[in-house]
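Structure file entry23.cif; described as mmCIF, C-alpha atoms.
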```
data_start
#
loop_
_atom_site.label_atom_id
_atom_site.label_comp_id
_atom_site.auth_asym_id
_atom_site.auth_seq_id
_atom_site.Cartn_x
_atom_site.Cartn_y
_atom_site.Cartn_z
CA MET A 1 -2.72 -78.46 34.49
CA SER A 2 -4.65 -81.57 33.65
CA ILE A 3 -4.03 -82.44 30.01
CA VAL A 4 -7.42 -84.04 29.46
CA PRO A 5 -10.39 -82.11 30.86
CA ASP A 6 -12.45 -83.81 33.55
CA LYS A 7 -15.70 -82.72 31.96
CA TYR A 8 -16.60 -81.18 28.65
CA PRO A 9 -18.90 -78.16 28.86
CA ARG A 10 -22.13 -78.78 27.00
CA ASN A 11 -22.47 -75.14 26.02
CA CYS A 12 -19.36 -73.06 25.81
CA THR A 13 -17.31 -70.54 23.95
CA LYS A 14 -17.70 -70.35 20.22
CA PHE A 15 -14.61 -71.29 18.25
CA HIS A 16 -13.32 -67.96 16.97
CA THR A 17 -12.34 -67.36 13.38
CA ARG A 18 -11.34 -64.28 13.23
CA LEU A 19 -19.87 -47.06 25.19
CA ILE A 20 -19.92 -43.80 27.40
CA ILE A 21 -23.20 -42.32 25.97
CA PRO A 22 -22.62 -39.06 24.05
CA ALA A 23 -23.83 -36.15 26.14
CA ALA A 24 -26.12 -34.77 23.43
CA LEU A 25 -27.77 -38.16 23.03
CA ALA A 26 -28.26 -38.56 26.77
CA ILE A 27 -29.93 -35.16 26.97
CA MET A 28 -32.06 -35.91 23.93
CA LEU A 29 -33.32 -39.10 25.53
CA GLY A 30 -34.22 -37.15 28.64
CA TRP A 31 -31.98 -39.05 31.01
CA THR A 32 -30.78 -38.13 34.40
CA GLY A 33 -27.50 -39.75 35.36
CA ALA A 34 -29.20 -42.87 36.67
CA ALA A 35 -31.68 -43.67 33.94
CA MET A 36 -31.00 -46.93 32.16
CA GLY A 37 -32.84 -46.95 28.90
CA GLY A 38 -35.73 -44.77 27.89
CA VAL A 39 -37.56 -42.50 30.31
CA GLY A 40 -40.69 -43.02 32.32
CA SER A 41 -43.36 -40.53 33.25
CA GLN A 42 -40.88 -38.22 34.98
CA GLY A 43 -38.58 -35.68 33.40
CA TRP A 44 -40.37 -35.03 30.13
CA GLY A 45 -40.91 -31.29 29.81
CA SER A 46 -37.61 -29.44 29.88
CA ASN A 47 -35.76 -31.96 27.75
CA TRP A 48 -37.76 -31.29 24.58
CA GLY A 49 -35.67 -28.21 23.93
CA ALA A 50 -32.58 -30.40 23.90
CA ALA A 51 -34.37 -32.77 21.55
CA ARG A 52 -35.16 -29.90 19.21
CA SER A 53 -31.56 -28.65 19.14
CA SER A 54 -30.36 -32.14 18.27
CA TYR A 55 -33.04 -32.72 15.64
CA ALA A 56 -31.89 -34.07 12.28
CA GLN A 57 -28.36 -34.77 13.52
CA PRO A 58 -27.33 -38.12 12.01
CA TYR A 59 -26.88 -41.09 14.29
CA ASP A 60 -23.64 -42.57 12.98
CA ARG A 61 -22.52 -46.17 13.29
CA ALA A 62 -19.75 -45.32 15.75
CA SER A 63 -22.32 -43.87 18.15
CA ALA A 64 -24.49 -46.94 17.68
CA ARG A 65 -21.62 -49.27 18.53
CA GLN A 66 -20.75 -47.12 21.52
CA TRP A 67 -24.35 -47.25 22.75
CA GLU A 68 -24.39 -51.04 22.59
CA ALA A 69 -20.91 -51.71 23.98
CA GLN A 70 -20.97 -49.24 26.87
CA PRO A 71 -24.42 -49.29 28.53
CA VAL A 72 -25.12 -46.76 31.26
CA LYS A 73 -25.49 -48.08 34.81
CA GLY A 74 -29.18 -47.42 35.39
CA PHE A 75 -31.30 -49.26 37.95
CA PRO A 76 -30.94 -52.94 38.93
CA THR A 77 -33.24 -55.33 37.08
CA LEU A 78 -33.84 -57.58 40.11
CA SER A 79 -34.66 -54.81 42.58
CA LYS A 80 -37.62 -55.32 44.90
CA SER A 81 -38.49 -51.68 44.15
CA ASN A 82 -39.36 -52.75 40.60
CA ILE A 83 -42.31 -54.86 41.71
CA ALA A 84 -44.74 -52.00 42.42
CA PRO A 85 -43.95 -50.14 39.14
CA LEU A 86 -44.39 -53.41 37.24
CA GLN A 87 -47.78 -53.99 38.87
CA ALA A 88 -48.82 -50.44 37.93
CA THR A 89 -47.65 -51.04 34.37
CA ILE A 90 -49.78 -54.18 34.16
CA LYS A 91 -52.86 -52.12 35.07
CA ARG A 92 -52.01 -49.57 32.35
CA TYR A 93 -51.61 -52.28 29.74
CA GLN A 94 -54.83 -53.96 30.86
CA ALA A 95 -56.59 -50.67 30.06
CA ILE A 96 -54.86 -50.43 26.67
CA VAL A 97 -55.93 -53.98 25.81
CA ALA A 98 -59.49 -53.29 26.99
CA ARG A 99 -59.62 -50.35 24.55
CA GLY A 100 -58.56 -52.58 21.67
CA GLY A 101 -54.79 -52.27 21.86
CA TRP A 102 -52.95 -50.58 18.98
CA LYS A 103 -52.89 -50.89 15.22
CA PRO A 104 -49.87 -52.44 13.51
CA LEU A 105 -47.59 -50.21 11.47
CA PRO A 106 -46.87 -51.01 7.83
CA MET A 107 -43.36 -52.23 7.02
CA VAL A 108 -42.25 -48.86 5.66
CA LYS A 109 -39.07 -47.19 6.86
CA LEU A 110 -39.69 -43.77 8.41
CA LYS A 111 -36.94 -41.15 8.70
CA PRO A 112 -36.92 -37.88 10.65
CA GLY A 113 -37.58 -34.73 8.67
CA ALA A 114 -39.84 -36.19 5.98
CA ARG A 115 -43.61 -36.45 5.53
CA TYR A 116 -45.33 -39.83 5.54
CA PRO A 117 -48.98 -40.92 5.68
CA GLY A 118 -47.95 -43.41 8.38
CA VAL A 119 -46.62 -40.73 10.75
CA ALA A 120 -50.04 -40.13 12.33
CA LEU A 121 -50.33 -43.84 13.15
CA LEU A 122 -46.83 -43.82 14.63
CA ARG A 123 -47.71 -40.81 16.79
CA ARG A 124 -50.80 -42.53 18.15
CA ARG A 125 -48.84 -45.69 18.83
CA LEU A 126 -46.18 -43.85 20.85
CA GLU A 127 -48.79 -41.83 22.73
CA LEU A 128 -50.46 -45.03 23.95
CA THR A 129 -47.26 -46.22 25.63
CA GLY A 130 -46.27 -42.80 26.98
CA ASP A 131 -43.25 -42.26 24.77
CA LEU A 132 -44.87 -39.23 23.14
CA PRO A 133 -46.87 -36.86 25.34
CA ALA A 134 -50.34 -36.16 23.97
CA GLY A 135 -50.60 -32.91 22.03
CA ARG A 136 -47.02 -32.78 20.81
CA GLY A 137 -48.04 -31.96 17.25
CA TYR A 138 -50.24 -33.81 14.80
CA SER A 139 -48.62 -33.05 11.47
CA LYS A 140 -47.68 -35.74 8.96
CA ARG A 141 -44.12 -34.55 9.24
CA PHE A 142 -41.65 -36.67 11.22
CA ASP A 143 -40.63 -33.77 13.49
CA TYR A 144 -38.23 -33.48 16.41
CA TYR A 145 -40.91 -34.38 18.97
CA LEU A 146 -41.58 -37.64 17.20
CA GLU A 147 -37.89 -38.36 16.66
CA ALA A 148 -37.16 -37.98 20.37
CA ALA A 149 -40.14 -40.22 21.19
CA VAL A 150 -38.88 -42.88 18.79
CA ARG A 151 -35.43 -42.77 20.40
CA ARG A 152 -37.03 -43.16 23.81
CA TYR A 153 -39.08 -46.11 22.64
CA GLN A 154 -36.05 -47.75 21.03
CA ALA A 155 -33.89 -47.31 24.12
CA ARG A 156 -36.36 -48.79 26.57
CA ASN A 157 -36.98 -51.72 24.20
CA GLY A 158 -33.30 -52.55 23.95
CA LEU A 159 -32.91 -51.20 20.42
CA THR A 160 -30.19 -48.76 19.39
CA PRO A 161 -31.85 -45.31 19.59
CA THR A 162 -31.26 -44.11 16.03
CA GLY A 163 -34.48 -42.14 15.75
CA THR A 164 -35.19 -43.87 12.44
CA VAL A 165 -38.05 -46.35 12.31
CA GLY A 166 -36.57 -49.35 10.51
CA ARG A 167 -37.48 -53.01 10.32
CA ALA A 168 -36.47 -53.96 13.89
CA THR A 169 -38.30 -51.00 15.42
CA ILE A 170 -41.46 -51.70 13.39
CA LEU A 171 -41.41 -55.36 14.44
CA ALA A 172 -41.06 -54.32 18.08
CA LEU A 173 -43.85 -51.74 17.77
CA ASN A 174 -46.08 -54.37 16.20
CA VAL A 175 -45.90 -56.81 19.09
CA SER A 176 -49.52 -56.68 20.20
CA ALA A 177 -50.65 -55.03 23.41
CA LYS A 178 -52.11 -58.36 24.49
CA ALA A 179 -48.72 -60.07 24.03
CA ARG A 180 -46.94 -57.30 25.94
CA LEU A 181 -49.46 -57.63 28.76
CA ARG A 182 -48.80 -61.35 28.98
CA GLN A 183 -45.05 -60.71 29.08
CA LEU A 184 -45.49 -58.23 31.90
CA ARG A 185 -47.52 -60.73 33.93
CA THR A 186 -45.08 -63.57 33.26
CA ASN A 187 -42.12 -61.46 34.28
CA LEU A 188 -43.81 -60.23 37.43
CA VAL A 189 -43.80 -63.86 38.62
CA ARG A 190 -40.13 -64.18 37.70
CA LEU A 191 -39.20 -60.89 39.35
CA ARG A 192 -41.00 -61.67 42.59
CA ARG A 193 -39.16 -64.97 42.88
CA LEU A 194 -35.74 -63.59 41.99
CA ALA A 195 -35.84 -60.19 43.71
CA THR A 196 -36.93 -61.60 47.06
CA SER A 197 -34.14 -64.19 47.11
CA ALA A 198 -31.24 -62.21 45.62
CA ALA A 199 -28.23 -61.38 47.79
CA SER A 200 -27.36 -57.76 48.62
CA LYS A 201 -24.21 -57.99 46.48
CA TYR A 202 -24.27 -60.04 43.30
CA VAL A 203 -23.73 -60.32 39.55
CA VAL A 204 -26.70 -60.88 37.25
CA VAL A 205 -26.75 -61.85 33.60
CA ASN A 206 -30.05 -60.95 31.96
CA ILE A 207 -29.99 -63.27 28.96
CA PRO A 208 -32.63 -61.58 26.73
CA ALA A 209 -31.08 -58.16 27.36
CA ALA A 210 -27.57 -59.54 26.74
CA GLN A 211 -26.35 -57.43 29.64
CA ILE A 212 -24.60 -57.99 32.96
CA GLU A 213 -25.02 -55.96 36.14
CA ALA A 214 -22.73 -55.82 39.15
CA VAL A 215 -25.03 -54.83 42.02
CA ASP A 216 -24.24 -53.76 45.58
CA GLY A 217 -26.95 -52.62 47.98
CA ASP A 218 -29.57 -52.21 45.23
CA VAL A 219 -27.21 -49.95 43.25
CA VAL A 220 -25.70 -50.90 39.90
CA VAL A 221 -21.93 -50.56 40.30
CA SER A 222 -21.30 -51.37 36.65
CA ARG A 223 -23.23 -52.61 33.63
CA HIS A 224 -21.66 -54.62 30.83
CA ALA A 225 -22.72 -55.69 27.37
CA ALA A 226 -22.72 -59.48 27.05
CA VAL A 227 -22.69 -62.06 24.30
CA VAL A 228 -25.08 -64.89 25.16
CA GLY A 229 -25.99 -68.24 23.63
CA LYS A 230 -27.48 -68.66 20.19
CA VAL A 231 -31.06 -69.83 19.92
CA ASP A 232 -29.82 -73.36 19.15
CA ARG A 233 -27.14 -73.21 21.90
CA GLN A 234 -29.00 -71.44 24.66
CA THR A 235 -27.49 -69.94 27.79
CA PRO A 236 -29.22 -71.62 30.76
CA THR A 237 -30.84 -69.87 33.70
CA LEU A 238 -29.04 -70.67 36.95
CA ARG A 239 -27.87 -69.43 40.31
CA SER A 240 -24.44 -70.12 41.76
CA LYS A 241 -21.43 -68.38 43.34
CA VAL A 242 -18.23 -67.32 41.65
CA HIS A 243 -15.40 -69.11 43.45
CA GLN A 244 -12.39 -68.67 41.16
CA ILE A 245 -10.88 -66.36 38.56
CA ASN A 246 -8.56 -67.92 35.97
CA PHE A 247 -6.10 -65.52 34.37
CA ASN A 248 -4.78 -66.40 30.91
CA PRO A 249 -6.41 -69.83 31.01
CA TYR A 250 -6.11 -72.84 28.77
CA TRP A 251 -9.30 -73.51 26.85
CA HIS A 252 -10.51 -77.10 26.89
CA VAL A 253 -12.68 -77.18 23.80
CA PRO A 254 -16.10 -78.73 24.54
CA GLN A 255 -17.40 -81.59 22.45
CA SER A 256 -20.29 -79.52 21.06
CA ILE A 257 -17.80 -77.08 19.54
CA VAL A 258 -15.46 -79.84 18.39
CA ARG A 259 -18.28 -81.29 16.31
CA LYS A 260 -20.01 -78.13 15.11
CA ASP A 261 -17.09 -75.76 14.67
CA LEU A 262 -13.55 -77.06 15.15
CA VAL A 263 -13.54 -80.19 12.96
CA PRO A 264 -15.40 -78.57 10.02
CA LYS A 265 -13.01 -75.63 10.08
CA ALA A 266 -9.96 -77.88 10.43
CA ARG A 267 -11.11 -79.73 7.31
CA GLN A 268 -11.37 -76.45 5.43
CA TYR A 269 -7.82 -75.59 6.49
CA ALA A 270 -6.57 -79.04 5.48
CA ARG A 271 -8.05 -78.72 1.99
CA HIS A 272 -5.86 -75.65 1.52
CA GLY A 273 -2.79 -77.35 2.96
CA LYS A 274 -2.98 -75.43 6.25
CA ASP A 275 -2.86 -76.57 9.89
CA LEU A 276 -5.64 -75.11 12.03
CA LEU A 277 -4.14 -76.32 15.32
CA SER A 278 -0.89 -74.46 14.71
CA ALA A 279 -2.72 -71.35 13.51
CA TYR A 280 -4.77 -71.19 16.71
CA ARG A 281 -2.09 -72.53 19.08
CA MET A 282 -4.04 -75.63 19.91
CA ASP A 283 -2.98 -79.15 20.84
CA ALA A 284 -4.81 -82.43 20.29
CA PHE A 285 -4.59 -85.34 22.73
CA THR A 286 -5.73 -88.92 22.82
CA GLY A 287 -5.26 -91.06 25.91
CA GLY A 288 -3.16 -88.25 27.43
CA ARG A 289 -0.73 -88.36 24.48
CA LYS A 290 -0.10 -85.24 22.43
CA LEU A 291 -0.60 -85.79 18.71
CA ASP A 292 1.48 -84.46 15.83
CA PRO A 293 -0.93 -82.10 14.04
CA ARG A 294 0.70 -82.87 10.69
CA LYS A 295 -0.33 -86.52 10.99
CA ILE A 296 -3.97 -85.98 11.92
CA ASN A 297 -6.43 -87.21 9.31
CA TRP A 298 -9.28 -84.74 9.67
CA ASN A 299 -11.57 -86.91 7.55
CA SER A 300 -11.30 -89.74 10.07
CA PRO A 301 -14.12 -90.11 12.64
CA ALA A 302 -11.39 -90.43 15.28
CA VAL A 303 -10.92 -86.64 15.30
CA TYR A 304 -14.21 -86.29 17.19
CA SER A 305 -12.84 -88.28 20.12
CA TYR A 306 -9.66 -86.23 20.63
CA ALA A 307 -9.28 -83.70 23.42
CA TYR A 308 -8.38 -80.23 22.12
CA ILE A 309 -6.74 -77.58 24.29
CA GLN A 310 -5.93 -74.03 23.27
CA GLN A 311 -2.87 -72.42 24.84
CA PRO A 312 -3.01 -69.03 26.59
CA TRP A 313 -2.35 -66.18 24.13
CA LYS A 314 -3.99 -63.01 22.87
CA GLU A 315 -6.35 -64.90 20.53
CA ASN A 316 -7.37 -67.55 23.06
CA SER A 317 -11.15 -67.94 22.93
CA MET A 318 -11.30 -67.26 26.68
CA GLY A 319 -9.53 -63.96 26.22
CA PHE A 320 -7.32 -63.22 29.21
CA VAL A 321 -9.69 -64.22 31.99
CA LYS A 322 -12.34 -66.80 32.85
CA ILE A 323 -14.89 -66.51 35.69
CA ASN A 324 -15.70 -69.86 37.29
CA PHE A 325 -18.79 -70.92 39.24
CA HIS A 326 -20.19 -74.39 39.83
CA ASN A 327 -23.19 -75.36 37.72
CA GLN A 328 -24.60 -78.46 36.07
CA TYR A 329 -24.34 -76.94 32.58
CA SER A 330 -20.56 -76.36 32.65
CA VAL A 331 -20.94 -72.77 31.48
CA TYR A 332 -18.94 -69.79 32.65
CA MET A 333 -18.24 -66.11 31.93
CA HIS A 334 -15.12 -64.92 30.17
CA ASP A 335 -13.27 -62.35 28.11
CA THR A 336 -13.05 -62.65 24.32
CA PRO A 337 -10.73 -61.54 21.53
CA SER A 338 -13.81 -60.76 19.39
CA LYS A 339 -14.70 -57.38 20.88
CA SER A 340 -16.69 -56.22 17.84
CA LEU A 341 -19.67 -58.36 18.86
CA PHE A 342 -20.29 -56.07 21.84
CA GLY A 343 -21.12 -53.22 19.47
CA ARG A 344 -24.02 -55.10 17.90
CA ASN A 345 -27.63 -54.90 18.99
CA TYR A 346 -28.29 -58.63 18.57
CA ARG A 347 -25.71 -60.48 20.67
CA ALA A 348 -26.97 -64.07 20.84
CA GLN A 349 -23.78 -65.37 19.24
CA SER A 350 -22.06 -67.73 21.70
CA SER A 351 -22.33 -71.46 22.27
CA GLY A 352 -23.87 -71.00 25.73
CA CYS A 353 -21.22 -69.33 27.86
CA VAL A 354 -21.29 -65.57 28.44
CA ARG A 355 -18.70 -63.16 27.09
CA VAL A 356 -18.24 -59.96 29.08
CA GLN A 357 -17.48 -56.49 27.76
CA ASN A 358 -14.94 -54.61 29.93
CA VAL A 359 -14.40 -57.78 31.90
CA LYS A 360 -11.43 -56.37 33.81
CA GLN A 361 -13.75 -53.93 35.61
CA LEU A 362 -16.07 -56.74 36.66
CA VAL A 363 -13.23 -59.02 37.75
CA SER A 364 -11.54 -56.21 39.73
CA TRP A 365 -14.80 -55.61 41.60
CA MET A 366 -15.24 -59.30 42.41
CA LEU A 367 -11.64 -59.54 43.66
CA ALA A 368 -11.86 -56.42 45.85
CA ALA A 369 -11.94 -58.51 49.05
CA ASN A 370 -8.73 -60.33 48.04
CA ALA A 371 -5.64 -58.66 49.47
CA GLY A 372 -3.37 -57.18 46.82
CA TRP A 373 -5.91 -57.25 44.02
CA ASN A 374 -7.06 -54.11 42.25
CA THR A 375 -7.66 -52.86 38.73
CA ALA A 376 -3.97 -52.22 38.15
CA ARG A 377 -3.03 -55.78 39.03
CA VAL A 378 -5.80 -57.20 36.83
CA GLU A 379 -4.46 -55.05 33.98
CA GLU A 380 -0.99 -56.41 34.69
CA MET A 381 -2.27 -59.98 34.36
CA LYS A 382 -3.69 -59.11 30.97
CA TYR A 383 -0.50 -57.61 29.56
CA THR A 384 2.00 -60.04 31.07
CA GLY A 385 0.04 -63.12 30.01
CA MET A 386 0.90 -64.81 33.32
CA ARG A 387 -1.09 -67.94 34.17
CA LYS A 388 -2.73 -67.65 37.57
CA ASP A 389 -5.82 -69.01 39.32
CA VAL A 390 -7.23 -66.87 42.13
CA THR A 391 -9.77 -68.16 44.64
CA LEU A 392 -12.18 -65.46 45.84
CA SER A 393 -11.98 -64.61 49.53
CA ARG A 394 -15.71 -64.00 49.40
CA ARG A 395 -17.70 -65.98 46.89
CA MET A 396 -19.82 -63.79 44.66
CA PRO A 397 -23.46 -64.79 44.01
CA VAL A 398 -24.23 -64.95 40.31
CA TYR A 399 -27.63 -65.26 38.64
CA PHE A 400 -28.38 -66.05 35.01
CA VAL A 401 -31.97 -64.86 34.54
CA TYR A 402 -34.54 -64.55 31.78
CA ILE A 403 -36.30 -61.19 32.20
CA THR A 404 -37.97 -59.72 29.10
CA ALA A 405 -40.20 -57.08 30.71
CA TRP A 406 -39.72 -54.97 33.82
CA ALA A 407 -40.31 -51.47 35.16
CA THR A 408 -38.04 -49.34 37.32
CA LYS A 409 -38.73 -46.79 40.00
CA ASP A 410 -38.31 -43.84 37.60
CA GLY A 411 -41.36 -45.08 35.67
CA THR A 412 -39.47 -46.66 32.77
CA VAL A 413 -41.08 -49.75 31.25
CA ASN A 414 -38.49 -52.01 29.62
CA PHE A 415 -39.03 -54.78 27.09
CA ARG A 416 -36.49 -57.08 25.47
CA ARG A 417 -36.73 -59.73 22.77
CA ASP A 418 -38.22 -63.01 23.90
CA LEU A 419 -34.96 -64.45 22.65
CA TYR A 420 -35.65 -68.13 23.31
CA GLY A 421 -39.45 -68.00 23.09
CA ARG A 422 -39.96 -68.67 26.80
CA ASP A 423 -42.78 -66.14 27.29
CA ASN A 424 -45.21 -68.17 25.16
CA VAL A 425 -46.55 -65.14 23.30
CA GLY A 426 -45.74 -66.24 19.76
CA PRO A 427 -42.86 -65.42 17.42
CA THR A 428 -43.50 -61.67 17.08
CA ALA A 429 -41.85 -60.92 20.44
CA SER A 430 -38.60 -62.51 19.27
CA ALA A 431 -38.70 -61.54 15.57
CA TYR A 432 -36.68 -58.34 15.95
#
```

Have the structure of the file written as structure tokens, please.
Amino acid sequence: MSIVPDKYPRNCTKFHTRLIIPAALAIMLGWTGAAMGGVGSQGWGSNWGAARSSYAQPYDRASARQWEAQPVKGFPTLSKSNIAPLQATIKRYQAIVARGGWKPLPMVKLKPGARYPGVALLRRRLELTGDLPAGRGYSKRFDYYLEAAVRRYQARNGLTPTGTVGRATILALNVSAKARLRQLRTNLVRLRRLATSAASKYVVVNIPAAQIEAVDGDVVVSRHAAVVGKVDRQTPTLRSKVHQINFNPYWHVPQSIVRKDLVPKARQYARHGKDLLSAYRMDAFTGGRKLDPRKINWNSPAVYSYAYIQQPWKENSMGFVKINFHNQYSVYMHDTPSKSLFGRNYRAQSSGCVRVQNVKQLVSWMLAANAGWNTARVEEMKYTGMRKDVTLSRRMPVYFVYITAWATKDGTVNFRRDLYGRDNVGPTASAY
């Protein structure tokens, strides 16, 4: 191992401080086994009975975390078969805009089972986008038809399908039809470019969705929740090929994190007579010489010039595995000891690199062409803590993409937050 890193990543892992879908929910949302999030024009009728039987059942936090952390496989985002449905969706939204779009909802929380003056407006809003079939009741009561429609809308918009209309759901519903139409058109251009050039077997990170897909032959082999870059430390779009897997790696702390995270926290530790480097099994170097952590003056500007390296262990910020691919941004994918972030709906929490939920499944799939490598051996690497770098026999194409709106062949229209404001539709599309 080289003591001093050759190059500091500009955006990298944050310095750490320290869901199989329930069957009833899947039925309630009207999914077949392949549906990703929300349901399109197919499969509506028979599932309303299931929605009724599940009506008024609370959506607990454990289910919400499970939904976020264990996404169902669904359909690939970059599929060529998504182009025609997306074009058809654009025509539908053009018609909605031509009719004046939809009215915004007031910022009032709506819960299933109660009566609200705003329920009629919510019904009309969900009818316009096909989440609620026309004629499914017109009462002011938030009934089971409306609850199921809300869950469908939430799921296909990347929101946890609680069935309750809270702040995030209202903000998403209030993105104007004109803004949604512009997003659809913008993403059609992106999809055409990406889908026509993607390999048959690849890994894709959709940054706004904070999800990762392993795709083979236009079929999603696995889907993973991801933690992506904060708004002020954005994950870049890129295309490359995974060439190496590092098991139980050392973490060479990038300069951006040294300045923004490590030094400030080390100073906090020092004020309480504690040593951050020892607590996090880190070493500091200058000129290739290891420093005595007890003699470091954290108030000196010299601390910004040191090289910091974290040793392999269970709390290493890389977790137990790092996925390497060449790119000009020095970002990568990796495991993390902070698994709780995967259970959140908003996962723009890293310093630019991408953390992967259930990373061992993804790594096992990428190493399938390497003799002697399978899930059991990857598990062994995790529990033994053995340091090992493995070069892939077949390099795996990887794409970091920015797709906020797409449609799939089952008729589902998906939207995600315009996380970094790249769609140029104003702040409402990223406010939730």

Surrounding residues of A:Asn316 excluding itself and chain neighbours under 6 positions, 8 Å, all atoms listed in the file, as a PyMOL selection string: chain A and resi 250-251+280+310+336-337

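Using only C-alpha atoms, the smallest distance between any of A:Gln268, A:Ser139, A:Thr186, A:Ser79 and A:Tyr202 comes from A:Ser79.
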
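For A:Leu146, the list of residues within 7 Å, based on all atoms listed in the file and with local chain neighbours fewer than 4 positions off taken out, reads Arg123, Leu132, Phe142 and Val150 of chain A.
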
Any chance you could resolve the PyMOL selection byres ((chain A and resi 121) around 12) against this file and give the residues as a list in words? Trp102, Lys103, Pro104, Leu105, Pro106, Leu110, Tyr116, Pro117, Gly118, Val119, Ala120, Leu122, Arg123, Arg124, Arg125, Leu126, Glu127, Leu128, Tyr138, Ser139, Lys140, Arg141, Phe142, Leu146, Ile170, Leu173 and Asn174 of chain A

For the structure shown, which residues end up in the PyMOL selection byres ((chain A and resi 82-84) around 9)? Put them as a count of residues only, please? 19

Care to translate the PyMOL selection byres ((chain A and resi 333) around 10) into actual residues of this file, as a PDB file with C-alpha atoms, keeping the file's coordinate frame?
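Result went into expr-v3.pdb, see below:
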```pdb
ATOM      1  CA  CYS A  12     -19.360 -73.060  25.810  1.00  0.00           C
ATOM      2  CA  THR A  13     -17.310 -70.540  23.950  1.00  0.00           C
ATOM      3  CA  VAL A 205     -26.750 -61.850  33.600  1.00  0.00           C
ATOM      4  CA  ALA A 226     -22.720 -59.480  27.050  1.00  0.00           C
ATOM      5  CA  VAL A 227     -22.690 -62.060  24.300  1.00  0.00           C
ATOM      6  CA  VAL A 228     -25.080 -64.890  25.160  1.00  0.00           C
ATOM      7  CA  VAL A 242     -18.230 -67.320  41.650  1.00  0.00           C
ATOM      8  CA  ILE A 245     -10.880 -66.360  38.560  1.00  0.00           C
ATOM      9  CA  MET A 318     -11.300 -67.260  26.680  1.00  0.00           C
ATOM     10  CA  VAL A 321      -9.690 -64.220  31.990  1.00  0.00           C
ATOM     11  CA  LYS A 322     -12.340 -66.800  32.850  1.00  0.00           C
ATOM     12  CA  ILE A 323     -14.890 -66.510  35.690  1.00  0.00           C
ATOM     13  CA  ASN A 324     -15.700 -69.860  37.290  1.00  0.00           C
ATOM     14  CA  PHE A 325     -18.790 -70.920  39.240  1.00  0.00           C
ATOM     15  CA  VAL A 331     -20.940 -72.770  31.480  1.00  0.00           C
ATOM     16  CA  TYR A 332     -18.940 -69.790  32.650  1.00  0.00           C
ATOM     17  CA  HIS A 334     -15.120 -64.920  30.170  1.00  0.00           C
ATOM     18  CA  ASP A 335     -13.270 -62.350  28.110  1.00  0.00           C
ATOM     19  CA  THR A 336     -13.050 -62.650  24.320  1.00  0.00           C
ATOM     20  CA  GLY A 352     -23.870 -71.000  25.730  1.00  0.00           C
ATOM     21  CA  CYS A 353     -21.220 -69.330  27.860  1.00  0.00           C
ATOM     22  CA  VAL A 354     -21.290 -65.570  28.440  1.00  0.00           C
ATOM     23  CA  ARG A 355     -18.700 -63.160  27.090  1.00  0.00           C
ATOM     24  CA  VAL A 356     -18.240 -59.960  29.080  1.00  0.00           C
ATOM     25  CA  VAL A 359     -14.400 -57.780  31.900  1.00  0.00           C
TER      26      VAL A 359
END
```

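Using all atoms listed in the file, the nearest neighbour of A:Asn187 within the list A:Ala376, A:Tyr93, A:Val401, A:Ser338 is A:Val401.
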
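Using all atoms listed in the file for every distance, the candidate list A:Val219, A:Ser330, A:Thr235, A:Arg416 yields A:Ser330 as the residue closest to A:His252.
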
Any idea what's packed within 10 Å of A:Gln154, counting all atoms listed in the file, ignoring anything in its chain fewer than 3 positions away? Could you give it as a PyMOL selection string? chain A and resi 37-38+131+148-151+157-165+168-169+172-173+414-415

Residues near A:Leu277, cut-off 10 Å, only C-alpha atoms, skip fewer than 2 positions along chain, as a CSV table (one decimal) with C-alpha atoms, in the coordinates of the input:
```
chain,number,residue,atom,x,y,z
A,262,LEU,CA,-13.6,-77.1,15.2
A,266,ALA,CA,-10.0,-77.9,10.4
A,269,TYR,CA,-7.8,-75.6,6.5
A,274,LYS,CA,-3.0,-75.4,6.2
A,275,ASP,CA,-2.9,-76.6,9.9
A,279,ALA,CA,-2.7,-71.4,13.5
A,280,TYR,CA,-4.8,-71.2,16.7
A,281,ARG,CA,-2.1,-72.5,19.1
A,282,MET,CA,-4.0,-75.6,19.9
A,283,ASP,CA,-3.0,-79.2,20.8
A,284,ALA,CA,-4.8,-82.4,20.3
A,292,ASP,CA,1.5,-84.5,15.8
A,293,PRO,CA,-0.9,-82.1,14.0
A,294,ARG,CA,0.7,-82.9,10.7
A,308,TYR,CA,-8.4,-80.2,22.1
A,309,ILE,CA,-6.7,-77.6,24.3
A,310,GLN,CA,-5.9,-74.0,23.3
```

Hey, can you check how far atom CA of A:Thr237 sits from atom CA of A:Phe400? 4.7 Å

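What separates atom CA of A:His326 from atom CA of A:Ile207 is a distance of 18.4 Å.
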
Box time for stretch 396-415 of chain A: axis-aligned, enclosing all its listed atoms, 8 Å extra on each side; report centre and edge lengths in Å to one decimal, as AutoDock Vina command-line options.
```
--center_x -30.6 --center_y -54.9 --center_z 35.9 --size_x 37.5 --size_y 38.2 --size_z 33.6
```

For A:Arg422, which residue out of A:Thr384, A:Gln234, A:Gln66, A:Gln357 is the nearest one, using all atoms listed in the file? A:Gln234

Considering only C-alpha atoms, return as a list of chain:residue names whatever protein or nucleic-acid residues lie within 12 Å of A:Gln361, sequence-local ones (same chain, fewer than 5 positions apart) excluded. A:Ile212, A:Glu213, A:Ala214, A:Val221, A:Ser222, A:Arg223, A:His224, A:Val321, A:Asp335, A:Val356, A:Met366, A:Leu367, A:Ala368, A:Trp373, A:Asn374, A:Thr375, A:Ala376, A:Arg377, A:Val378, A:Glu379

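For the atom pair formed by atom CA of A:Arg185 and atom CA of A:Ala199, the distance is 23.8 Å, given to one decimal.
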